[in-house]
>>> print(open('upload06.csv').read())   # CSV, C-alpha atoms
chain,number,residue,atom,x,y,z
A,1,MET,CA,38.4,16.7,-21.6
A,2,ASN,CA,37.1,19.9,-23.1
A,3,SER,CA,33.3,20.1,-23.4
A,4,ALA,CA,33.8,23.2,-25.6
A,5,GLU,CA,34.8,20.8,-28.3
A,6,PHE,CA,31.7,18.6,-27.9
A,7,ALA,CA,29.5,18.2,-31.0
A,8,LEU,CA,26.5,16.0,-31.2
A,9,ASP,CA,26.7,13.1,-33.6
A,10,PRO,CA,24.7,14.2,-36.7
A,11,ARG,CA,22.6,11.0,-36.6
A,12,LEU,CA,21.5,11.7,-33.1
A,13,ALA,CA,20.9,15.3,-34.0
A,14,ALA,CA,18.7,14.2,-37.0
A,15,ASP,CA,16.6,11.9,-34.9
A,16,THR,CA,16.0,13.9,-31.8
A,17,ARG,CA,15.1,17.3,-30.3
A,18,LEU,CA,16.8,18.9,-27.3
A,19,VAL,CA,14.8,18.9,-24.1
A,20,VAL,CA,17.3,20.4,-21.7
A,21,SER,CA,21.0,20.6,-20.9
A,22,LEU,CA,21.8,19.3,-17.4
A,23,SER,CA,25.2,19.8,-15.8
A,24,LEU,CA,26.8,17.0,-17.7
A,25,CYS,CA,24.3,15.7,-20.3
A,26,ASP,CA,22.1,17.0,-23.0
A,27,VAL,CA,18.7,15.3,-22.7
A,28,LEU,CA,17.2,14.6,-26.1
A,29,LEU,CA,13.7,13.4,-27.1
A,30,THR,CA,13.7,10.8,-29.9
A,31,ASP,CA,11.2,11.8,-32.6
A,32,ASP,CA,9.4,8.5,-32.4
A,33,ALA,CA,5.8,8.6,-31.1
A,34,ARG,CA,5.8,4.8,-30.7
A,35,TYR,CA,7.6,5.2,-27.3
A,36,ALA,CA,8.5,8.1,-25.0
A,37,TRP,CA,12.2,7.8,-25.6
A,38,LEU,CA,14.9,10.1,-24.1
A,39,VAL,CA,18.6,10.0,-24.8
A,40,LEU,CA,21.3,11.5,-22.5
A,41,VAL,CA,24.5,12.6,-24.1
A,42,PRO,CA,27.4,13.6,-21.9
A,43,ARG,CA,29.0,16.8,-23.3
A,44,ARG,CA,32.4,15.2,-23.5
A,45,ARG,CA,34.5,14.8,-26.6
A,46,ALA,CA,35.4,11.5,-28.2
A,47,MET,CA,33.8,9.2,-25.6
A,48,THR,CA,32.5,5.8,-26.6
A,49,GLU,CA,32.2,3.8,-23.4
A,50,VAL,CA,30.8,4.9,-20.0
A,51,THR,CA,34.0,3.6,-18.5
A,52,GLU,CA,36.0,6.2,-20.4
A,53,LEU,CA,34.4,9.0,-18.4
A,54,SER,CA,36.1,10.1,-15.1
A,55,ASP,CA,34.7,8.5,-12.0
A,56,GLN,CA,33.1,11.9,-11.2
A,57,ASP,CA,31.5,12.2,-14.6
A,58,GLN,CA,30.2,8.6,-14.4
A,59,ALA,CA,28.6,9.4,-11.0
A,60,THR,CA,27.0,12.5,-12.5
A,61,LEU,CA,25.8,10.6,-15.6
A,62,TRP,CA,24.0,8.0,-13.5
A,63,ARG,CA,22.4,10.7,-11.2
A,64,GLU,CA,21.2,12.6,-14.2
A,65,MET,CA,19.9,9.3,-15.8
A,66,SER,CA,18.0,8.5,-12.6
A,67,HIS,CA,16.5,12.0,-12.5
A,68,VAL,CA,15.5,11.7,-16.2
A,69,ALA,CA,13.9,8.2,-15.6
A,70,VAL,CA,11.8,9.5,-12.7
A,71,ALA,CA,10.7,12.5,-14.7
A,72,LEU,CA,9.8,10.4,-17.7
A,73,ARG,CA,7.7,8.0,-15.7
A,74,ALA,CA,5.9,10.9,-14.1
A,75,ALA,CA,5.2,12.5,-17.5
A,76,VAL,CA,4.3,9.3,-19.3
A,77,PRO,CA,2.7,6.6,-17.3
A,78,CYS,CA,4.5,3.3,-18.2
A,79,GLU,CA,4.9,-0.2,-17.1
A,80,LYS,CA,8.7,-0.4,-17.3
A,81,ILE,CA,11.7,1.9,-17.9
A,82,ASN,CA,14.3,0.5,-20.3
A,83,ILE,CA,17.9,1.8,-19.9
A,84,GLY,CA,20.6,1.1,-22.5
A,85,ALA,CA,24.0,2.2,-23.6
A,86,LEU,CA,24.8,0.3,-26.8
A,87,GLY,CA,26.6,2.4,-29.3
A,88,ASN,CA,27.1,-0.3,-31.9
A,89,ILE,CA,26.1,2.0,-34.7
A,90,VAL,CA,26.4,5.6,-33.3
A,91,ARG,CA,29.6,5.5,-31.3
A,92,GLN,CA,29.3,8.8,-29.5
A,93,LEU,CA,28.5,7.9,-25.9
A,94,HIS,CA,24.8,8.1,-25.2
A,95,VAL,CA,22.3,6.5,-22.8
A,96,HIS,CA,18.7,5.7,-23.7
A,97,VAL,CA,15.9,6.0,-21.2
A,98,ILE,CA,12.6,4.6,-22.7
A,99,ALA,CA,9.1,4.3,-21.3
A,100,ARG,CA,7.7,0.9,-22.2
A,101,ASN,CA,4.2,-0.6,-22.0
A,102,THR,CA,2.7,-4.0,-22.8
A,103,GLY,CA,1.6,-3.9,-26.4
A,104,ASP,CA,3.9,-1.1,-27.6
A,105,ALA,CA,5.4,-1.6,-31.0
A,106,ALA,CA,8.4,-3.7,-29.9
A,107,TRP,CA,7.0,-5.2,-26.6
A,108,PRO,CA,8.5,-7.2,-24.9
A,109,GLY,CA,11.6,-6.9,-27.1
A,110,PRO,CA,14.1,-4.0,-27.2
A,111,VAL,CA,13.2,-0.9,-29.2
A,112,TRP,CA,16.6,-0.6,-30.9
A,113,GLY,CA,16.4,-1.6,-34.6
A,114,HIS,CA,12.7,-2.4,-34.4
A,115,GLY,CA,10.8,-1.1,-37.4
A,116,LYS,CA,10.6,2.5,-38.4
A,117,ALA,CA,10.1,5.6,-36.3
A,118,THR,CA,6.7,7.4,-36.4
A,119,ALA,CA,7.3,11.1,-36.1
A,120,TYR,CA,5.3,13.0,-33.4
A,121,ALA,CA,2.6,15.5,-34.4
A,122,SER,CA,4.6,18.7,-33.8
A,123,SER,CA,2.1,20.0,-31.2
A,124,ARG,CA,2.3,16.7,-29.2
A,125,ARG,CA,6.1,16.8,-29.4
A,126,GLU,CA,6.4,20.4,-28.3
A,127,ALA,CA,4.0,19.8,-25.4
A,128,LEU,CA,6.0,16.7,-24.2
A,129,ILE,CA,9.3,18.6,-24.5
A,130,ALA,CA,7.8,21.5,-22.5
A,131,GLN,CA,6.5,19.2,-19.8
A,132,LEU,CA,9.8,17.3,-19.5
A,133,ARG,CA,11.8,20.4,-19.5
A,134,LYS,CA,9.8,21.9,-16.6
A,135,MET,CA,10.1,18.6,-14.6
A,136,LEU,CA,13.9,18.5,-15.2
A,137,THR,CA,14.6,22.1,-14.3
A,138,THR,CA,12.5,22.6,-11.2
B,1,MET,CA,15.4,-3.7,2.5
B,2,ASN,CA,16.6,-7.0,3.7
B,3,SER,CA,19.1,-8.7,1.4
B,4,ALA,CA,18.5,-11.9,3.5
B,5,GLU,CA,15.2,-12.2,1.7
B,6,PHE,CA,16.8,-11.9,-1.8
B,7,ALA,CA,16.2,-14.8,-4.1
B,8,LEU,CA,17.4,-14.9,-7.7
B,9,ASP,CA,14.6,-15.1,-10.3
B,10,PRO,CA,14.4,-18.7,-11.5
B,11,ARG,CA,14.7,-17.7,-15.2
B,12,LEU,CA,17.9,-15.8,-14.5
B,13,ALA,CA,19.1,-18.8,-12.4
B,14,ALA,CA,18.4,-21.2,-15.2
B,15,ASP,CA,20.3,-19.2,-17.9
B,16,THR,CA,23.4,-18.2,-15.9
B,17,ARG,CA,26.2,-19.3,-13.7
B,18,LEU,CA,27.5,-17.3,-10.7
B,19,VAL,CA,30.9,-15.6,-11.3
B,20,VAL,CA,31.3,-13.7,-8.0
B,21,SER,CA,29.3,-11.8,-5.4
B,22,LEU,CA,30.4,-8.2,-5.1
B,23,SER,CA,29.3,-6.0,-2.2
B,24,LEU,CA,25.9,-5.3,-3.7
B,25,CYS,CA,25.5,-7.4,-6.8
B,26,ASP,CA,25.8,-11.0,-7.8
B,27,VAL,CA,27.7,-11.2,-11.1
B,28,LEU,CA,26.4,-13.9,-13.4
B,29,LEU,CA,27.7,-15.3,-16.7
B,30,THR,CA,24.9,-16.0,-19.2
B,31,ASP,CA,25.4,-19.5,-20.7
B,32,ASP,CA,25.5,-18.3,-24.3
B,33,ALA,CA,28.7,-18.7,-26.1
B,34,ARG,CA,27.6,-16.3,-28.9
B,35,TYR,CA,28.6,-13.3,-26.8
B,36,ALA,CA,30.5,-12.8,-23.5
B,37,TRP,CA,27.5,-11.7,-21.5
B,38,LEU,CA,27.4,-10.8,-17.8
B,39,VAL,CA,24.5,-9.8,-15.6
B,40,LEU,CA,24.6,-7.9,-12.4
B,41,VAL,CA,21.8,-8.5,-9.9
B,42,PRO,CA,21.6,-6.3,-6.8
B,43,ARG,CA,20.9,-8.5,-3.8
B,44,ARG,CA,17.8,-6.5,-2.9
B,45,ARG,CA,14.3,-7.8,-2.6
B,46,ALA,CA,11.4,-6.9,-4.9
B,47,MET,CA,13.3,-4.2,-7.0
B,48,THR,CA,12.3,-3.7,-10.6
B,49,GLU,CA,13.7,-0.3,-11.5
B,50,VAL,CA,17.2,1.1,-10.8
B,51,THR,CA,15.5,4.2,-9.4
B,52,GLU,CA,13.9,2.1,-6.6
B,53,LEU,CA,17.3,1.5,-5.1
B,54,SER,CA,18.6,3.9,-2.5
B,55,ASP,CA,20.9,6.6,-3.8
B,56,GLN,CA,23.8,4.8,-2.1
B,57,ASP,CA,22.9,1.5,-3.7
B,58,GLN,CA,22.5,3.1,-7.1
B,59,ALA,CA,26.0,4.6,-6.8
B,60,THR,CA,27.3,1.1,-5.8
B,61,LEU,CA,25.5,-0.6,-8.7
B,62,TRP,CA,27.1,1.7,-11.2
B,63,ARG,CA,30.6,1.4,-9.7
B,64,GLU,CA,30.3,-2.4,-9.8
B,65,MET,CA,29.0,-2.2,-13.3
B,66,SER,CA,32.0,-0.2,-14.4
B,67,HIS,CA,34.3,-2.6,-12.7
B,68,VAL,CA,32.6,-5.5,-14.4
B,69,ALA,CA,32.8,-3.8,-17.8
B,70,VAL,CA,36.5,-3.1,-17.5
B,71,ALA,CA,37.2,-6.7,-16.5
B,72,LEU,CA,35.0,-8.1,-19.3
B,73,ARG,CA,36.8,-6.1,-21.9
B,74,ALA,CA,40.2,-7.2,-20.5
B,75,ALA,CA,39.1,-10.9,-20.5
B,76,VAL,CA,37.4,-10.8,-23.9
B,77,PRO,CA,38.7,-8.4,-26.5
B,78,CYS,CA,35.7,-6.6,-28.0
B,79,GLU,CA,34.7,-3.7,-30.1
B,80,LYS,CA,31.9,-2.3,-27.9
B,81,ILE,CA,30.4,-2.9,-24.5
B,82,ASN,CA,26.6,-2.9,-24.4
B,83,ILE,CA,24.9,-2.0,-21.2
B,84,GLY,CA,21.2,-2.6,-20.6
B,85,ALA,CA,18.6,-2.7,-17.9
B,86,LEU,CA,15.3,-3.7,-19.5
B,87,GLY,CA,13.3,-6.1,-17.4
B,88,ASN,CA,10.3,-6.3,-19.7
B,89,ILE,CA,10.2,-10.1,-19.2
B,90,VAL,CA,12.2,-10.9,-16.1
B,91,ARG,CA,11.2,-8.1,-13.7
B,92,GLN,CA,13.8,-8.6,-11.0
B,93,LEU,CA,16.2,-5.7,-11.3
B,94,HIS,CA,19.3,-6.8,-13.3
B,95,VAL,CA,21.8,-5.0,-15.5
B,96,HIS,CA,23.4,-6.6,-18.6
B,97,VAL,CA,27.1,-6.0,-19.6
B,98,ILE,CA,27.8,-7.6,-22.9
B,99,ALA,CA,31.0,-7.7,-25.1
B,100,ARG,CA,30.1,-7.1,-28.7
B,101,ASN,CA,32.0,-7.4,-32.0
B,102,THR,CA,31.3,-6.8,-35.6
B,103,GLY,CA,29.8,-10.0,-37.1
B,104,ASP,CA,28.6,-11.5,-33.8
B,105,ALA,CA,25.2,-13.2,-34.0
B,106,ALA,CA,23.1,-10.1,-33.4
B,107,TRP,CA,25.5,-7.4,-34.6
B,108,PRO,CA,24.8,-4.4,-34.8
B,109,GLY,CA,21.4,-5.0,-33.2
B,110,PRO,CA,20.8,-5.7,-29.5
B,111,VAL,CA,21.2,-9.3,-28.2
B,112,TRP,CA,18.0,-9.5,-26.3
B,113,GLY,CA,15.4,-11.7,-27.9
B,114,HIS,CA,17.8,-12.5,-30.8
B,115,GLY,CA,17.8,-16.2,-31.7
B,116,LYS,CA,18.6,-19.0,-29.4
B,117,ALA,CA,21.4,-19.3,-26.9
B,118,THR,CA,24.3,-21.6,-27.7
B,119,ALA,CA,25.6,-23.2,-24.5
B,120,TYR,CA,29.3,-23.0,-23.7
B,121,ALA,CA,31.4,-26.1,-23.7
B,122,SER,CA,31.7,-26.6,-20.0
B,123,SER,CA,35.5,-26.4,-20.0
B,124,ARG,CA,35.4,-23.0,-21.8
B,125,ARG,CA,32.7,-21.7,-19.5
B,126,GLU,CA,34.5,-22.7,-16.3
B,127,ALA,CA,37.8,-21.2,-17.6
B,128,LEU,CA,36.0,-17.9,-18.4
B,129,ILE,CA,34.3,-17.8,-15.0
B,130,ALA,CA,37.6,-18.5,-13.3
B,131,GLN,CA,39.3,-15.8,-15.2
B,132,LEU,CA,36.6,-13.2,-14.5
B,133,ARG,CA,36.4,-14.2,-10.9
B,134,LYS,CA,40.1,-13.6,-10.5
B,135,MET,CA,39.9,-10.2,-12.2
B,136,LEU,CA,36.9,-9.1,-10.1
B,137,THR,CA,38.3,-10.1,-6.7
B,138,THR,CA,41.9,-8.9,-6.9
>>> encode(input="upload06.csv", output="structure tokens")
Amino acid sequence: MNSAEFALDPRLAADTRLVVSLSLCDVLLTDDARYAWLVLVPRRRAMTEVTELSDQDQATLWREMSHVAVALRAAVPCEKINIGALGNIVRQLHVHVIARNTGDAAWPGPVWGHGKATAYASSRREALIAQLRKMLTT
Amino acid sequence: MNSAEFALDPRLAADTRLVVSLSLCDVLLTDDARYAWLVLVPRRRAMTEVTELSDQDQATLWREMSHVAVALRAAVPCEKINIGALGNIVRQLHVHVIARNTGDAAWPGPVWGHGKATAYASSRREALIAQLRKMLTT
């Protein structure tokens, strides 16, 4: 695997902003103010399933996911964290980590495919990215 | 944590059948013939989030999940594996591993909350459980 050949799927790129690059994954904020919604993308080429990663990369992915989930909950108080790796539409391997609360737009259902995204006000988005970046790099 | 105090949530118990008990997780087959749908439940008491598990238990959970995903794909040819830990309704920590195919009942959306389950014919269910049990114990 050559991470130098990694390129983010254009649909993920269009819907998200980079928060931080961890040792394996880029952590992205989905531009949807309805939920605080992060996506981890391992910088590995042509991966679709978690099980295609090496054992070591899988272990790193889940450690980074856990780190991201703890940071997200600290930044955005929430009732439940939702984790998902679906990839039915965008096949590039990616893992969602989403802060959920009773009464949010899709509650108690899953967020994927539910209605249309509501873009953040740019000041709010940049503040959240800065807060998460700080939490994930210290 | 005392796994002796573990009890499966009654809603999970009502919707599933036990396939096998791995070192950490019980692996359950959801009684819904629309998708081949497994659920891993760590035998730990009062856990809601993956991040509440010890680091060692988290590592075991993801190893067992990967093992289950590989077995499921071998038993049931599929286009994509979906993995999810939501828990918005049933709070007991559980991880879904689901075989998905173009044209299945919820494709390309998520399965959670989509329509009503279609119970397996009992002979088909028992054959699938036996096949998965064999793959997960050898």
>>> closest_residue(input="upload06.csv", among="B:Val50, B:Ala119, B:Ala99, B:Leu128", to="B:Ala14", atoms="all atoms listed in the file")
B:Ala119
>>> residues_around(input="upload06.csv", residues="stretch 130-138 of chain A", least_positions_apart="6", cutoff="7 Å", atoms="only C-alpha atoms", output="MDAnalysis selection string")
chainID A and resid 19:20 71 75
>>> closest_atom_pairs(input="upload06.csv", of="chain A", to="chain B", cutoff="7 Å", atoms="all atoms listed in the file", output="tab-separated table")
residue	atom	partner	partner_atom	distance
A:Thr51	CA	B:Ser66	CA	5.9
A:Ala59	CA	B:Ala59	CA	6.9
A:Ser66	CA	B:Thr51	CA	5.9
A:Lys80	CA	B:Asn88	CA	6.6
A:Ile81	CA	B:Leu86	CA	6.8
A:Asn82	CA	B:Leu86	CA	4.4
A:Ile83	CA	B:Ala85	CA	5.0
A:Gly84	CA	B:Gly84	CA	4.2
A:Ala85	CA	B:Ile83	CA	4.9
A:Leu86	CA	B:Asn82	CA	4.4
A:Asn88	CA	B:Pro108	CA	5.5
A:Ile89	CA	B:Pro108	CA	6.5
A:Pro108	CA	B:Asn88	CA	5.6
A:Gly109	CA	B:Gly113	CA	6.2
A:Pro110	CA	B:Trp112	CA	6.8
A:Trp112	CA	B:Pro110	CA	6.8
A:Gly113	CA	B:Gly109	CA	6.2
>>> atom_distance(input="upload06.csv", atom1="atom CA of A:Asp31", atom2="atom CA of B:Val90")
28.1 Å
>>> closest_residue(input="upload06.csv", among="A:Leu24, A:Leu72, A:Leu18, A:Ala127", to="A:Ser54", atoms="all atoms listed in the file")
A:Leu24
>>> atom_distance(input="upload06.csv", atom1="atom CA of A:Ser122", atom2="atom CA of A:Val27")
18.3 Å
>>> build_atoms(input="upload06.csv", residues="stretch 7-18 of chain B", atoms="all heavy atoms", output="PDB file, in the coordinates of the input")
ATOM      1  N   ALA B   7      16.161 -13.514  -3.416  1.00  0.00           N
ATOM      2  CA  ALA B   7      16.200 -14.800  -4.100  1.00  0.00           C
ATOM      3  C   ALA B   7      16.309 -14.497  -5.606  1.00  0.00           C
ATOM      4  O   ALA B   7      15.543 -13.671  -6.116  1.00  0.00           O
ATOM      5  CB  ALA B   7      14.997 -15.651  -3.815  1.00  0.00           C
ATOM      6  N   LEU B   8      17.233 -15.138  -6.282  1.00  0.00           N
ATOM      7  CA  LEU B   8      17.400 -14.900  -7.700  1.00  0.00           C
ATOM      8  C   LEU B   8      16.201 -15.451  -8.483  1.00  0.00           C
ATOM      9  O   LEU B   8      15.735 -16.562  -8.219  1.00  0.00           O
ATOM     10  CB  LEU B   8      18.692 -15.621  -8.179  1.00  0.00           C
ATOM     11  CG  LEU B   8      19.109 -15.387  -9.636  1.00  0.00           C
ATOM     12  CD1 LEU B   8      19.412 -13.922  -9.901  1.00  0.00           C
ATOM     13  CD2 LEU B   8      20.331 -16.253  -9.970  1.00  0.00           C
ATOM     14  N   ASP B   9      15.711 -14.655  -9.431  1.00  0.00           N
ATOM     15  CA  ASP B   9      14.600 -15.100 -10.300  1.00  0.00           C
ATOM     16  C   ASP B   9      14.976 -16.430 -10.946  1.00  0.00           C
ATOM     17  O   ASP B   9      16.081 -16.594 -11.465  1.00  0.00           O
ATOM     18  CB  ASP B   9      14.362 -14.028 -11.368  1.00  0.00           C
ATOM     19  CG  ASP B   9      13.191 -14.400 -12.272  1.00  0.00           C
ATOM     20  OD1 ASP B   9      13.373 -15.251 -13.174  1.00  0.00           O
ATOM     21  OD2 ASP B   9      12.101 -13.839 -12.084  1.00  0.00           O
ATOM     22  N   PRO B  10      14.064 -17.386 -10.943  1.00  0.00           N
ATOM     23  CA  PRO B  10      14.400 -18.700 -11.500  1.00  0.00           C
ATOM     24  C   PRO B  10      14.800 -18.720 -12.950  1.00  0.00           C
ATOM     25  O   PRO B  10      15.584 -19.567 -13.383  1.00  0.00           O
ATOM     26  CB  PRO B  10      13.130 -19.541 -11.248  1.00  0.00           C
ATOM     27  CG  PRO B  10      12.128 -18.659 -10.629  1.00  0.00           C
ATOM     28  CD  PRO B  10      12.744 -17.331 -10.319  1.00  0.00           C
ATOM     29  N   ARG B  11      14.297 -17.743 -13.743  1.00  0.00           N
ATOM     30  CA  ARG B  11      14.700 -17.700 -15.200  1.00  0.00           C
ATOM     31  C   ARG B  11      16.137 -17.218 -15.291  1.00  0.00           C
ATOM     32  O   ARG B  11      16.896 -17.720 -16.118  1.00  0.00           O
ATOM     33  CB  ARG B  11      13.738 -16.794 -15.941  1.00  0.00           C
ATOM     34  CG  ARG B  11      12.366 -17.442 -16.134  1.00  0.00           C
ATOM     35  CD  ARG B  11      11.294 -16.424 -16.463  1.00  0.00           C
ATOM     36  NE  ARG B  11      11.075 -15.516 -15.323  1.00  0.00           N
ATOM     37  CZ  ARG B  11      10.138 -14.580 -15.269  1.00  0.00           C
ATOM     38  NH1 ARG B  11       9.343 -14.401 -16.299  1.00  0.00           N
ATOM     39  NH2 ARG B  11      10.000 -13.833 -14.200  1.00  0.00           N
ATOM     40  N   LEU B  12      16.522 -16.246 -14.463  1.00  0.00           N
ATOM     41  CA  LEU B  12      17.900 -15.800 -14.500  1.00  0.00           C
ATOM     42  C   LEU B  12      18.806 -16.989 -13.974  1.00  0.00           C
ATOM     43  O   LEU B  12      19.873 -17.258 -14.532  1.00  0.00           O
ATOM     44  CB  LEU B  12      18.146 -14.600 -13.582  1.00  0.00           C
ATOM     45  CG  LEU B  12      17.636 -13.268 -14.142  1.00  0.00           C
ATOM     46  CD1 LEU B  12      17.782 -12.163 -13.091  1.00  0.00           C
ATOM     47  CD2 LEU B  12      18.392 -12.891 -15.408  1.00  0.00           C
ATOM     48  N   ALA B  13      18.356 -17.669 -12.935  1.00  0.00           N
ATOM     49  CA  ALA B  13      19.100 -18.800 -12.400  1.00  0.00           C
ATOM     50  C   ALA B  13      19.351 -19.871 -13.439  1.00  0.00           C
ATOM     51  O   ALA B  13      20.433 -20.463 -13.554  1.00  0.00           O
ATOM     52  CB  ALA B  13      18.467 -19.347 -11.146  1.00  0.00           C
ATOM     53  N   ALA B  14      18.319 -20.132 -14.244  1.00  0.00           N
ATOM     54  CA  ALA B  14      18.400 -21.200 -15.200  1.00  0.00           C
ATOM     55  C   ALA B  14      19.349 -20.892 -16.378  1.00  0.00           C
ATOM     56  O   ALA B  14      19.948 -21.799 -16.969  1.00  0.00           O
ATOM     57  CB  ALA B  14      16.997 -21.496 -15.783  1.00  0.00           C
ATOM     58  N   ASP B  15      19.504 -19.589 -16.674  1.00  0.00           N
ATOM     59  CA  ASP B  15      20.300 -19.200 -17.900  1.00  0.00           C
ATOM     60  C   ASP B  15      21.696 -18.774 -17.563  1.00  0.00           C
ATOM     61  O   ASP B  15      22.425 -18.407 -18.497  1.00  0.00           O
ATOM     62  CB  ASP B  15      19.578 -17.993 -18.556  1.00  0.00           C
ATOM     63  CG  ASP B  15      18.210 -18.364 -19.120  1.00  0.00           C
ATOM     64  OD1 ASP B  15      17.945 -19.563 -19.294  1.00  0.00           O
ATOM     65  OD2 ASP B  15      17.406 -17.446 -19.360  1.00  0.00           O
ATOM     66  N   THR B  16      22.091 -18.779 -16.309  1.00  0.00           N
ATOM     67  CA  THR B  16      23.400 -18.200 -15.900  1.00  0.00           C
ATOM     68  C   THR B  16      24.119 -19.045 -14.918  1.00  0.00           C
ATOM     69  O   THR B  16      23.553 -19.967 -14.336  1.00  0.00           O
ATOM     70  CB  THR B  16      23.166 -16.788 -15.283  1.00  0.00           C
ATOM     71  OG1 THR B  16      22.469 -16.956 -14.042  1.00  0.00           O
ATOM     72  CG2 THR B  16      22.400 -15.842 -16.194  1.00  0.00           C
ATOM     73  N   ARG B  17      25.403 -18.692 -14.720  1.00  0.00           N
ATOM     74  CA  ARG B  17      26.200 -19.300 -13.700  1.00  0.00           C
ATOM     75  C   ARG B  17      26.816 -18.131 -12.846  1.00  0.00           C
ATOM     76  O   ARG B  17      27.220 -17.115 -13.426  1.00  0.00           O
ATOM     77  CB  ARG B  17      27.364 -20.106 -14.244  1.00  0.00           C
ATOM     78  CG  ARG B  17      26.916 -21.218 -15.177  1.00  0.00           C
ATOM     79  CD  ARG B  17      26.077 -22.261 -14.465  1.00  0.00           C
ATOM     80  NE  ARG B  17      25.566 -23.229 -15.421  1.00  0.00           N
ATOM     81  CZ  ARG B  17      26.057 -24.458 -15.569  1.00  0.00           C
ATOM     82  NH1 ARG B  17      27.069 -24.865 -14.799  1.00  0.00           N
ATOM     83  NH2 ARG B  17      25.551 -25.293 -16.450  1.00  0.00           N
ATOM     84  N   LEU B  18      26.936 -18.325 -11.542  1.00  0.00           N
ATOM     85  CA  LEU B  18      27.500 -17.300 -10.700  1.00  0.00           C
ATOM     86  C   LEU B  18      29.012 -17.160 -10.944  1.00  0.00           C
ATOM     87  O   LEU B  18      29.745 -18.152 -10.928  1.00  0.00           O
ATOM     88  CB  LEU B  18      27.274 -17.630  -9.203  1.00  0.00           C
ATOM     89  CG  LEU B  18      27.844 -16.616  -8.206  1.00  0.00           C
ATOM     90  CD1 LEU B  18      27.106 -15.277  -8.285  1.00  0.00           C
ATOM     91  CD2 LEU B  18      27.770 -17.170  -6.779  1.00  0.00           C
TER      92      LEU B  18
END
